[in-house]
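**Student:** Dropping in protein39.cif, with mmCIF, C-alpha atoms (C1' of nucleotides).
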```cif
data_input
loop_
_atom_site.label_atom_id
_atom_site.label_comp_id
_atom_site.auth_asym_id
_atom_site.auth_seq_id
_atom_site.Cartn_x
_atom_site.Cartn_y
_atom_site.Cartn_z
CA MET A 2 14.76 -22.77 -10.78
CA LYS A 3 15.62 -19.54 -9.03
CA ILE A 4 12.98 -18.09 -6.69
CA ALA A 5 13.50 -14.69 -5.05
CA THR A 6 11.70 -12.40 -2.63
CA TRP A 7 12.06 -8.61 -2.50
CA ASN A 8 10.29 -5.87 -0.61
CA VAL A 9 10.65 -3.10 -3.19
CA ASN A 10 9.08 -0.24 -1.17
CA SER A 11 6.91 1.02 -4.08
CA ILE A 12 7.07 -0.73 -7.46
CA LYS A 13 6.56 2.58 -9.27
CA ALA A 14 9.41 4.38 -7.51
CA ARG A 15 11.60 1.28 -7.93
CA LEU A 16 10.76 0.20 -11.48
CA ASP A 17 14.16 0.95 -13.03
CA ASN A 18 15.96 -0.78 -10.14
CA VAL A 19 13.68 -3.82 -10.43
CA LEU A 20 14.05 -4.12 -14.20
CA GLU A 21 17.83 -3.86 -13.94
CA TRP A 22 17.95 -6.53 -11.26
CA LEU A 23 15.68 -8.88 -13.22
CA ARG A 24 18.05 -8.62 -16.19
CA ASP A 25 21.13 -9.17 -14.02
CA ALA A 26 19.88 -11.88 -11.65
CA ALA A 27 17.48 -13.62 -14.05
CA PRO A 28 15.18 -15.12 -11.39
CA ASP A 29 12.43 -17.45 -12.61
CA VAL A 30 9.96 -16.43 -9.91
CA VAL A 31 9.90 -13.21 -7.87
CA LEU A 32 7.77 -12.58 -4.78
CA LEU A 33 7.29 -8.84 -4.35
CA GLN A 34 6.05 -6.91 -1.32
CA GLU A 35 5.09 -3.30 -0.62
CA ILE A 36 4.22 -2.50 -4.21
CA LYS A 37 2.16 0.42 -2.84
CA THR A 38 -0.26 0.59 -5.75
CA VAL A 39 -3.66 -0.64 -6.84
CA ASP A 40 -3.69 -3.41 -9.44
CA ASP A 41 -4.23 -0.97 -12.32
CA GLY A 42 -1.09 0.96 -11.39
CA PHE A 43 1.17 -2.10 -11.52
CA PRO A 44 3.74 -1.84 -14.37
CA ARG A 45 2.60 -5.10 -15.90
CA LEU A 46 3.70 -4.31 -19.47
CA ASP A 47 7.29 -3.50 -18.49
CA LEU A 48 7.58 -6.80 -16.62
CA GLU A 49 5.84 -8.85 -19.29
CA ALA A 50 8.36 -7.42 -21.77
CA LEU A 51 11.05 -9.29 -19.80
CA GLY A 52 9.06 -12.51 -20.06
CA TYR A 53 7.27 -12.49 -16.71
CA ARG A 54 3.64 -13.14 -16.05
CA CYS A 55 2.21 -11.14 -13.17
CA ALA A 56 -0.30 -11.84 -10.40
CA VAL A 57 -1.10 -8.72 -8.40
CA HIS A 58 -2.93 -8.07 -5.13
CA GLY A 59 -2.68 -4.33 -4.74
CA GLN A 60 -3.93 -1.61 -2.43
CA LYS A 61 -3.91 2.17 -2.59
CA SER A 62 -0.88 3.84 -0.96
CA TYR A 63 0.26 1.01 1.31
CA ASN A 64 1.05 -2.70 1.35
CA GLY A 65 0.36 -4.66 -1.83
CA VAL A 66 2.03 -7.87 -3.04
CA ALA A 67 2.70 -9.49 -6.40
CA ILE A 68 4.17 -12.61 -7.99
CA LEU A 69 6.23 -12.60 -11.19
CA SER A 70 6.94 -15.84 -13.02
CA ARG A 71 8.50 -16.81 -16.31
CA VAL A 72 7.82 -20.51 -15.70
CA GLY A 73 4.02 -20.44 -15.63
CA LEU A 74 1.63 -18.75 -13.23
CA GLU A 75 -1.72 -20.27 -12.32
CA ASP A 76 -4.45 -20.35 -9.68
CA ALA A 77 -3.58 -17.09 -7.94
CA GLN A 78 -5.40 -16.65 -4.64
CA ALA A 79 -5.21 -13.55 -2.45
CA ARG A 80 -5.80 -13.05 1.29
CA LEU A 81 -5.38 -15.23 4.36
CA ALA A 82 -8.42 -16.82 5.96
CA GLY A 83 -9.38 -16.12 9.55
CA ASP A 84 -10.27 -12.40 9.63
CA ASP A 85 -12.80 -11.08 7.13
CA SER A 86 -12.35 -7.55 8.47
CA ASP A 87 -8.67 -7.47 7.42
CA GLU A 88 -8.48 -5.22 4.34
CA HIS A 89 -4.67 -5.11 4.07
CA ALA A 90 -3.22 -6.54 0.84
CA ARG A 91 -0.47 -8.67 2.39
CA TYR A 92 -0.80 -12.21 1.02
CA LEU A 93 -0.98 -13.82 -2.41
CA GLU A 94 -0.46 -17.43 -3.50
CA ALA A 95 -0.03 -18.98 -6.91
CA THR A 96 1.27 -22.12 -8.60
CA VAL A 97 4.45 -21.86 -10.68
CA ALA A 98 6.38 -24.38 -12.78
CA GLY A 99 3.35 -26.66 -12.82
CA ASN A 100 3.25 -27.69 -9.18
CA ILE A 101 5.23 -25.39 -6.87
CA ARG A 102 2.86 -23.45 -4.64
CA VAL A 103 4.43 -20.10 -3.74
CA ALA A 104 3.19 -17.33 -1.49
CA THR A 105 4.31 -13.71 -1.27
CA ILE A 106 4.00 -12.47 2.30
CA TYR A 107 4.07 -8.96 3.72
CA LEU A 108 3.71 -9.69 7.40
CA PRO A 109 2.54 -6.75 9.54
CA ASN A 110 5.24 -4.64 11.18
CA GLY A 111 3.47 -4.53 14.55
CA ASN A 112 4.94 -1.31 15.93
CA PRO A 113 4.37 0.30 18.31
CA VAL A 114 4.09 -2.76 20.56
CA ALA A 115 1.73 -1.03 23.02
CA THR A 116 -0.92 -0.45 20.33
CA GLU A 117 -3.46 -2.66 18.56
CA LYS A 118 -0.90 -3.09 15.78
CA PHE A 119 1.05 -5.69 17.75
CA PRO A 120 -1.86 -8.09 18.45
CA TYR A 121 -2.85 -7.64 14.79
CA LYS A 122 0.63 -8.86 13.85
CA LEU A 123 0.48 -11.86 16.19
CA ASN A 124 -3.01 -12.82 14.99
CA TRP A 125 -1.84 -12.49 11.38
CA MET A 126 0.99 -14.91 12.20
CA LYS A 127 -1.54 -17.40 13.62
CA ARG A 128 -3.51 -17.16 10.38
CA LEU A 129 -0.32 -17.68 8.38
CA LYS A 130 0.60 -20.71 10.47
CA ALA A 131 -2.81 -22.24 9.78
CA ARG A 132 -2.39 -21.75 6.04
CA ALA A 133 1.20 -23.01 6.16
CA ALA A 134 -0.06 -26.20 7.81
CA GLU A 135 -2.72 -26.66 5.12
CA LEU A 136 -0.12 -26.28 2.40
CA LEU A 137 2.21 -28.80 4.09
CA ALA A 138 -0.63 -31.29 4.14
CA THR A 139 -0.76 -31.23 0.34
CA GLY A 140 2.65 -32.91 0.34
CA GLY A 141 3.81 -30.82 -2.60
CA PRO A 142 6.64 -28.33 -2.94
CA VAL A 143 5.82 -25.04 -1.18
CA VAL A 144 7.83 -21.82 -0.95
CA LEU A 145 6.58 -19.18 1.50
CA GLY A 146 8.62 -16.06 0.84
CA GLY A 147 8.46 -12.48 1.87
CA ASP A 148 9.04 -9.72 4.35
CA TYR A 149 8.21 -11.50 7.59
CA ASN A 150 9.09 -8.51 9.77
CA VAL A 151 10.66 -11.03 12.16
CA ILE A 152 14.27 -11.03 13.38
CA PRO A 153 14.61 -14.74 14.18
CA THR A 154 17.69 -14.72 16.45
CA ASN A 155 20.38 -12.50 17.95
CA ASP A 156 22.61 -13.47 15.00
CA ASP A 157 20.19 -11.72 12.66
CA VAL A 158 20.62 -8.18 13.99
CA HIS A 159 23.58 -5.84 14.33
CA ASN A 160 22.71 -4.67 17.83
CA PRO A 161 20.17 -6.85 19.65
CA ALA A 162 19.85 -4.40 22.55
CA ALA A 163 18.78 -1.61 20.22
CA TRP A 164 15.89 -3.75 18.94
CA ALA A 165 14.78 -5.17 22.30
CA GLY A 166 11.59 -3.10 22.42
CA ASP A 167 10.72 -3.52 18.75
CA ALA A 168 7.81 -5.60 17.47
CA LEU A 169 10.15 -7.40 15.05
CA PHE A 170 12.21 -8.75 17.94
CA GLN A 171 9.65 -9.49 20.68
CA PRO A 172 9.78 -12.98 22.24
CA GLU A 173 6.17 -13.57 21.11
CA THR A 174 7.05 -12.60 17.54
CA ARG A 175 10.04 -14.90 17.41
CA ALA A 176 8.09 -17.74 19.02
CA ALA A 177 5.32 -17.39 16.44
CA PHE A 178 7.91 -17.58 13.66
CA ARG A 179 9.45 -20.70 15.20
CA GLU A 180 6.01 -22.29 15.36
CA ILE A 181 5.75 -21.95 11.59
CA LEU A 182 9.24 -23.36 11.08
CA TRP A 183 8.51 -26.26 13.40
CA LEU A 184 5.55 -27.31 11.29
CA GLY A 185 8.30 -28.57 8.99
CA TYR A 186 9.59 -25.58 7.04
CA THR A 187 13.24 -24.82 6.29
CA ASP A 188 14.71 -21.30 6.28
CA ALA A 189 16.45 -21.55 2.89
CA PHE A 190 19.17 -18.99 3.61
CA ARG A 191 20.07 -20.42 7.01
CA ALA A 192 20.17 -23.94 5.58
CA VAL A 193 23.13 -22.99 3.40
CA ASP A 194 24.78 -20.11 5.32
CA PRO A 195 25.02 -20.26 9.14
CA SER A 196 27.26 -17.19 9.38
CA PRO A 197 25.93 -14.44 11.67
CA HIS A 198 25.15 -10.87 10.67
CA ARG A 199 23.79 -11.44 7.19
CA TYR A 200 21.11 -8.84 6.64
CA THR A 201 18.27 -8.15 4.22
CA PHE A 202 17.17 -4.71 5.47
CA TRP A 203 19.07 -1.54 6.34
CA ASP A 204 17.23 1.57 7.50
CA TYR A 205 17.42 4.67 5.32
CA GLN A 206 18.32 6.66 8.43
CA GLY A 207 21.57 7.06 10.29
CA GLY A 208 23.85 5.64 7.60
CA ALA A 209 22.66 2.12 8.43
CA TRP A 210 23.67 0.67 5.03
CA GLN A 211 27.16 2.20 5.05
CA ARG A 212 27.73 0.91 8.61
CA ASP A 213 26.11 -2.48 7.89
CA HIS A 214 23.65 -1.91 10.71
CA GLY A 215 20.99 -4.24 9.37
CA ILE A 216 18.49 -6.93 10.24
CA ARG A 217 17.55 -10.21 8.52
CA ILE A 218 13.78 -10.15 8.16
CA ASP A 219 13.14 -11.36 4.59
CA HIS A 220 12.88 -15.13 4.46
CA LEU A 221 12.16 -18.03 2.10
CA LEU A 222 10.57 -20.97 3.92
CA LEU A 223 10.60 -24.32 2.11
CA SER A 224 8.36 -27.33 2.65
CA PRO A 225 10.22 -30.66 2.99
CA VAL A 226 9.99 -31.67 -0.66
CA ALA A 227 11.06 -28.17 -1.70
CA ALA A 228 13.94 -28.24 0.80
CA ASP A 229 15.05 -31.59 -0.64
CA ARG A 230 15.56 -29.76 -3.94
CA LEU A 231 17.52 -26.84 -2.43
CA VAL A 232 20.83 -26.29 -4.22
CA THR A 233 21.86 -22.96 -2.74
CA ALA A 234 20.50 -19.66 -1.47
CA GLY A 235 21.75 -16.18 -0.87
CA ILE A 236 21.17 -12.53 -0.14
CA ASP A 237 21.88 -10.26 -3.10
CA THR A 238 23.13 -7.05 -1.51
CA GLY A 239 23.80 -5.39 -4.87
CA PRO A 240 20.46 -3.62 -5.23
CA ARG A 241 20.71 -2.02 -1.77
CA GLY A 242 23.82 -0.11 -2.82
CA LYS A 243 22.28 1.40 -5.96
CA PRO A 244 20.83 4.90 -6.26
CA LYS A 245 17.13 5.10 -5.34
CA ALA A 246 17.38 1.75 -3.53
CA SER A 247 14.67 0.01 -1.58
CA ASP A 248 15.58 -0.38 2.11
CA HIS A 249 15.30 -4.18 1.57
CA THR A 250 17.42 -6.29 -0.79
CA PRO A 251 16.50 -9.54 -2.59
CA VAL A 252 16.83 -13.00 -1.03
CA TRP A 253 16.86 -15.98 -3.39
CA CYS A 254 17.11 -19.74 -3.52
CA GLU A 255 17.91 -22.22 -6.27
CA LEU A 256 15.86 -25.43 -6.49
CA ARG A 257 16.98 -28.31 -8.69
CA ASP A 258 14.57 -29.88 -11.11
CA PRO A 259 12.63 -32.82 -9.68
CA ALA A 260 14.26 -36.22 -10.16
"C1'" DA B 25 15.56 11.73 20.31
"C1'" DT B 26 9.14 8.20 17.47
"C1'" DG B 27 14.49 12.03 14.93
"C1'" DC B 28 17.82 10.87 11.63
"C1'" DC B 29 15.24 8.89 5.42
"C1'" DT B 30 11.77 7.52 1.88
"C1'" DT B 31 7.23 7.01 -0.17
"C1'" DG B 32 2.21 8.17 -1.17
"C1'" DC B 33 -1.10 11.57 -1.24
"C1'" DG B 34 -1.95 15.84 -2.92
"C1'" DG B 35 -0.51 20.11 -3.50
"C1'" DA B 36 1.22 21.19 3.03
"C1'" DG B 37 2.52 18.30 6.11
"C1'" DC B 38 1.16 13.83 7.79
"C1'" DA B 39 1.07 8.59 8.03
"C1'" DA B 40 3.67 4.55 7.74
"C1'" DG B 41 7.60 2.06 7.55
"C1'" DA B 42 11.17 -1.13 10.80
#
```
Once you've parsed the file, please lay out its structure as structure tokens.

**Tutor:**
Amino acid sequence: MKIATWNVNSIKARLDNVLEWLRDAAPDVVLLQEIKTVDDGFPRLDLEALGYRCAVHGQKSYNGVAILSRVGLEDAQARLAGDDSDEHARYLEATVAGNIRVATIYLPNGNPVATEKFPYKLNWMKRLKARAAELLATGGPVVLGGDYNVIPTNDDVHNPAAWAGDALFQPETRAAFREILWLGYTDAFRAVDPSPHRYTFWDYQGGAWQRDHGIRIDHLLLSPVAADRLVTAGIDTGPRGKPKASDHTPVWCELRDPA
DNA sequence: ATGCCTTGCGGAGCAAGA
């Protein structure tokens, strides 16, 4: 069972890239972020033609998340509890393969730090932590994947000093991410690859991709019973090097079938 | 250097991203 997460930066602009990658990588479940379309604009038919069912939580112009699955897709539920005034489409859960609860997460960027955007980010992380705790309490396999907009450690950024003032790298941001991990979640990529400077995002500007000036901000967090099934995980840098690429590239993990 | 790209929206030049 291969589960991947990918911030595609517009599903419409990226459709050919996404279809090509689905054929090449053959993931069973894909957690998408930044689809940048309302539900009706989602290219459902093209994805269904490859065997995927789709759950979509869209929004006009910005944000938007979706789940693709070719191993069943049930009980989709959008939005995080805790702030009824939050209209951003950033969170969607569903059950795949019968009993794996997955969530696609587009965590707020939070920049600039001196504006209301940063406390919105931190509050969103509190809401996510609360939901993550609820899901742990079910005792079942859970995979929380997405664009967390969090650089966890100095090993996850090319030049830590350059990011010191950024919302993705603030001590409060990193602490809030650790709080979620310490509930009992495992960072799937880090569990299998401790090497530093493995990135999932490279800015479009300044030749960041060509220079490998990236950051690791897309993560797959596994509950204990999901982590017990972890076979391997990786970052697929292929899509970032293609024409018309998203600025993010897919992260994936492989879970063995239950005993 | 809040620019350097890229996208959506709408039909020019912002807003937002990270």

**Student:** Determine which residues of chain A sit within 8 Å of chain B, taking into account only C-alpha atoms (C1' of nucleotides), and present them as an NGL selection string.

**Tutor:** :A and (10-11 or 37 or 62-63 or 110 or 150 or 169 or 204-207)

**Student:** Would you kindly translate the PyMOL selection byres ((chain A and resi 13-20) around 9) into the concrete residues it picks from this file, as a PyMOL selection string?

**Tutor:** (chain A and resi 9-12+21-25+36-38+42-44+47-48+51+240+243-247) or (chain B and resi 31)

**Student:** For the selection you just gave me, I'd like the residues written to a file as a CSV table (one decimal), in the frame of the given file, keeping C-alpha atoms (C1' of nucleotides).

**Tutor:**
```
chain,number,residue,atom,x,y,z
A,9,VAL,CA,10.6,-3.1,-3.2
A,10,ASN,CA,9.1,-0.2,-1.2
A,11,SER,CA,6.9,1.0,-4.1
A,12,ILE,CA,7.1,-0.7,-7.5
A,21,GLU,CA,17.8,-3.9,-13.9
A,22,TRP,CA,18.0,-6.5,-11.3
A,23,LEU,CA,15.7,-8.9,-13.2
A,24,ARG,CA,18.0,-8.6,-16.2
A,25,ASP,CA,21.1,-9.2,-14.0
A,36,ILE,CA,4.2,-2.5,-4.2
A,37,LYS,CA,2.2,0.4,-2.8
A,38,THR,CA,-0.3,0.6,-5.8
A,42,GLY,CA,-1.1,1.0,-11.4
A,43,PHE,CA,1.2,-2.1,-11.5
A,44,PRO,CA,3.7,-1.8,-14.4
A,47,ASP,CA,7.3,-3.5,-18.5
A,48,LEU,CA,7.6,-6.8,-16.6
A,51,LEU,CA,11.0,-9.3,-19.8
A,240,PRO,CA,20.5,-3.6,-5.2
A,243,LYS,CA,22.3,1.4,-6.0
A,244,PRO,CA,20.8,4.9,-6.3
A,245,LYS,CA,17.1,5.1,-5.3
A,246,ALA,CA,17.4,1.8,-3.5
A,247,SER,CA,14.7,0.0,-1.6
B,31,DT,C1',7.2,7.0,-0.2
```

**Student:** Would you compute the distance between CA of Gln171 (chain A) and CA of Trp183 (chain A)? Give it in Å to one decimal.

**Tutor:**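 Straight-line distance from CA of Gln171 (chain A) to CA of Trp183 (chain A) works out to 18.3 Å.
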
**Student:** One decimal, Å: what's the distance from CA of Ala192 (chain A) over to CA of Ala228 (chain A), could you say?

**Tutor:**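 That distance, rounded to one decimal, is 9.0 Å.
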
**Student:** Measure the distance from CA of Pro225 (chain A) to CA of Leu136 (chain A) in Å and round it to one decimal.

**Tutor:**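 Separation between CA of Pro225 (chain A) and CA of Leu136 (chain A): 11.2 Å.
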
**Student:** Quick one: of A:Lys3, A:His249, A:Arg179, A:Arg91, who's nearest to Thr201 (chain A), counting only C-alpha atoms?

**Tutor:**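 Of A:Lys3, A:His249, A:Arg179, A:Arg91, the one nearest Thr201 (chain A) is A:His249, counting only C-alpha atoms.
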
**Student:** Pick out the residues sitting within 10 Å of Ala90 (chain A), and hand them over as a PyMOL selection string; count only C-alpha atoms (C1' of nucleotides), and ignore anything fewer than 4 positions along from it in its own chain.

**Tutor:** chain A and resi 34-37+39+57-61+63-67+79-81+106-107

**Student:** How big is the axis-aligned box, and where does its centre sit, when it encloses all atoms of region 37-42 of chain B listed in the file and has 4 Å added on every side, reported in Å to one decimal as JSON?

**Tutor:**
```
{"center_x": 6.1, "center_y": 8.6, "center_z": 8.5, "size_x": 18.1, "size_y": 27.4, "size_z": 12.7}
```
